[in-house]
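Pasting query26.cif here (mmCIF, C-alpha atoms):
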data_work
#
loop_
_atom_site.group_PDB
_atom_site.id
_atom_site.type_symbol
_atom_site.label_atom_id
_atom_site.label_comp_id
_atom_site.auth_asym_id
_atom_site.auth_seq_id
_atom_site.Cartn_x
_atom_site.Cartn_y
_atom_site.Cartn_z
ATOM 1 C CA MET A 1 119.704 77.594 101.319
ATOM 2 C CA ASP A 2 118.162 80.717 99.847
ATOM 3 C CA THR A 3 115.514 83.120 101.155
ATOM 4 C CA LYS A 4 112.671 81.374 99.356
ATOM 5 C CA GLU A 5 113.575 78.014 100.924
ATOM 6 C CA ILE A 6 113.852 79.335 104.471
ATOM 7 C CA LEU A 7 110.580 81.256 104.180
ATOM 8 C CA LYS A 8 108.907 77.999 103.171
ATOM 9 C CA LYS A 9 110.467 76.253 106.186
ATOM 10 C CA ILE A 10 109.245 79.025 108.481
ATOM 11 C CA LYS A 11 105.735 78.744 107.043
ATOM 12 C CA ASN A 12 105.782 74.958 107.587
ATOM 13 C CA ASN A 13 107.328 75.230 111.082
ATOM 14 C CA THR A 14 110.316 73.145 110.020
ATOM 15 C CA VAL A 15 113.050 75.770 110.338
ATOM 16 C CA SER A 16 115.876 75.100 112.785
ATOM 17 C CA THR A 17 117.564 77.535 115.141
ATOM 18 C CA ASN A 18 120.813 77.260 113.190
ATOM 19 C CA GLU A 19 119.030 78.057 109.936
ATOM 20 C CA LEU A 20 117.433 81.156 111.452
ATOM 21 C CA LYS A 21 120.786 82.308 112.794
ATOM 22 C CA LYS A 22 122.250 82.168 109.267
ATOM 23 C CA PHE A 23 119.557 84.618 108.125
ATOM 24 C CA SER A 24 119.785 86.888 111.182
ATOM 25 C CA LYS A 25 120.377 89.998 109.023
ATOM 26 C CA ASP A 26 117.587 89.280 106.530
ATOM 27 C CA LYS A 27 114.635 91.471 107.523
ATOM 28 C CA GLN A 28 112.115 89.547 105.422
ATOM 29 C CA VAL A 29 113.129 86.240 107.018
ATOM 30 C CA ILE A 30 113.184 87.599 110.560
ATOM 31 C CA ILE A 31 109.759 89.226 110.168
ATOM 32 C CA ALA A 32 108.322 85.937 108.916
ATOM 33 C CA ALA A 33 109.963 84.110 111.821
ATOM 34 C CA VAL A 34 108.705 86.496 114.524
ATOM 35 C CA LYS A 35 105.201 86.372 113.071
ATOM 36 C CA LYS A 36 105.273 82.613 113.726
ATOM 37 C CA ASP A 37 106.928 82.950 117.132
ATOM 38 C CA GLY A 38 107.766 86.318 118.666
ATOM 39 C CA ASN A 39 110.643 84.789 120.586
ATOM 40 C CA ASN A 40 112.472 84.237 117.300
ATOM 41 C CA LEU A 41 113.489 87.873 117.750
ATOM 42 C CA LYS A 42 116.399 86.532 119.779
ATOM 43 C CA PHE A 43 117.946 85.204 116.551
ATOM 44 C CA ALA A 44 117.830 88.593 114.798
ATOM 45 C CA ASP A 45 120.887 90.704 114.164
ATOM 46 C CA LYS A 46 121.253 93.639 116.568
ATOM 47 C CA GLN A 47 120.200 96.106 113.844
ATOM 48 C CA LEU A 48 116.915 94.245 113.386
ATOM 49 C CA LYS A 49 116.404 94.110 117.140
ATOM 50 C CA ALA A 50 116.435 97.916 116.947
ATOM 51 C CA ASP A 51 113.968 98.025 114.044
ATOM 52 C CA LYS A 52 110.485 99.075 115.222
ATOM 53 C CA GLU A 53 108.728 97.191 112.440
ATOM 54 C CA VAL A 54 110.475 93.916 113.315
ATOM 55 C CA VAL A 55 109.992 94.316 117.056
ATOM 56 C CA LEU A 56 106.310 95.243 116.729
ATOM 57 C CA GLU A 57 105.674 92.123 114.629
ATOM 58 C CA ALA A 58 107.343 90.056 117.350
ATOM 59 C CA LEU A 59 105.282 91.764 120.059
ATOM 60 C CA LYS A 60 102.046 91.107 118.174
ATOM 61 C CA ASN A 61 102.848 87.418 118.467
ATOM 62 C CA ASP A 62 104.282 87.389 121.984
ATOM 63 C CA ILE A 63 104.514 90.466 124.215
ATOM 64 C CA ASP A 64 107.288 88.777 126.207
ATOM 65 C CA SER A 65 109.571 88.946 123.166
ATOM 66 C CA LEU A 66 110.256 92.583 124.107
ATOM 67 C CA LYS A 67 113.115 91.299 126.258
ATOM 68 C CA PHE A 68 115.047 90.448 123.068
ATOM 69 C CA ALA A 69 114.701 93.935 121.570
ATOM 70 C CA ASP A 70 117.324 96.656 121.595
ATOM 71 C CA LYS A 71 117.391 98.663 124.829
ATOM 72 C CA LYS A 72 116.322 101.863 123.043
ATOM 73 C CA ILE A 73 113.279 100.104 121.591
ATOM 74 C CA ILE A 74 112.389 98.700 125.011
ATOM 75 C CA LYS A 75 112.639 102.179 126.531
ATOM 76 C CA TRP A 76 110.513 103.666 123.706
ATOM 77 C CA PHE A 77 107.832 100.971 124.033
ATOM 78 C CA GLU A 78 107.683 101.267 127.808
ATOM 79 C CA SER A 79 107.268 105.050 127.510
ATOM 80 C CA LEU A 80 104.058 104.672 125.499
ATOM 81 C CA SER A 81 100.643 104.834 127.094
ATOM 82 C CA LEU A 82 98.722 101.576 127.328
ATOM 83 C CA TRP A 83 96.290 102.857 124.708
ATOM 84 C CA SER A 84 99.155 103.630 122.307
ATOM 85 C CA ARG A 85 100.688 100.201 122.863
ATOM 86 C CA ASP A 86 97.373 98.530 122.117
ATOM 87 C CA GLN A 87 96.979 100.611 118.948
ATOM 88 C CA LEU A 88 100.460 99.671 117.708
ATOM 89 C CA LEU A 89 99.842 96.010 118.381
ATOM 90 C CA GLY A 90 96.398 96.058 116.808
ATOM 91 C CA LEU A 91 94.718 95.142 120.083
ATOM 92 C CA ASN A 92 92.456 98.184 120.259
ATOM 93 C CA LYS A 93 90.403 98.873 117.167
ATOM 94 C CA ASP A 94 88.473 101.697 118.838
ATOM 95 C CA LYS A 95 88.908 105.336 117.949
ATOM 96 C CA ASP A 96 91.088 107.646 119.957
ATOM 97 C CA PRO A 97 89.333 108.096 123.326
ATOM 98 C CA PHE A 98 90.120 111.825 123.178
ATOM 99 C CA GLY A 99 88.877 112.285 119.616
ATOM 100 C CA ASP A 100 85.376 112.913 118.339
#

Would you mind writing the file's structure down as structure tokens?
Amino acid sequence: MDTKEILKKIKNNTVSTNELKKFSKDKQVIIAAVKKDGNNLKFADKQLKADKEVVLEALKNDIDSLKFADKKIIKWFESLSLWSRDQLLGLNKDKDPFGD
């Protein structure tokens, strides 16, 4: 199976756990998978679990997927203010409360 085929399976919700595991190092595949279900982060390679872009896409889908992220990413995310977290996740479209 190639990248194009697995991306189609992800889009159609027909991808299996074993198929995702085979593509655990493919950033494009893992991002597509976590956009469908944030908990698919658990199938990502450890390098992708430490990738902010990948983890943030997972969190946008399911905040509980943070538990599958690299410990350094968890620590970084937990250190952010609630406003900053909301901004990163696209939950707060308002301007900076301290800005003009």

Could you list, as a list in words, every residue within 8 Å of Ala44 (chain A), counting all atoms listed in the file and ignoring same-chain residues fewer than 4 positions away?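 Counting only the stated atoms, we get Lys21, Phe23, Ser24, Lys25, Ile30, Asn40, Leu48 and Lys49 of chain A.
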
CA of Ile74 (chain A) to CA of Ile10 (chain A), straight-line distance in Å: 25.9 Å

Give me, please, the distance in Å between CA of Asn13 (chain A) and CA of Leu91 (chain A), quoted to one decimal.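 We find that CA of Asn13 (chain A) and CA of Leu91 (chain A) lie 25.2 Å from each other.
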
Just checking: using only C-alpha atoms, which residue out of A:Leu88, A:Lys72, A:Asp62, A:Lys36 ends up closest to Ala50 (chain A)?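 Answer, going by the shortest atom-to-atom distance: A:Lys72.
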
Name the residues that the PyMOL selection byres ((chain A and resi 20) around 12) pulls out of this structure, and write them as JSON, numbers by chain. {"A": [1, 2, 3, 5, 6, 7, 9, 10, 13, 14, 15, 16, 17, 18, 19, 21, 22, 23, 24, 25, 26, 27, 28, 29, 30, 31, 32, 33, 34, 39, 40, 41, 42, 43, 44, 45]}
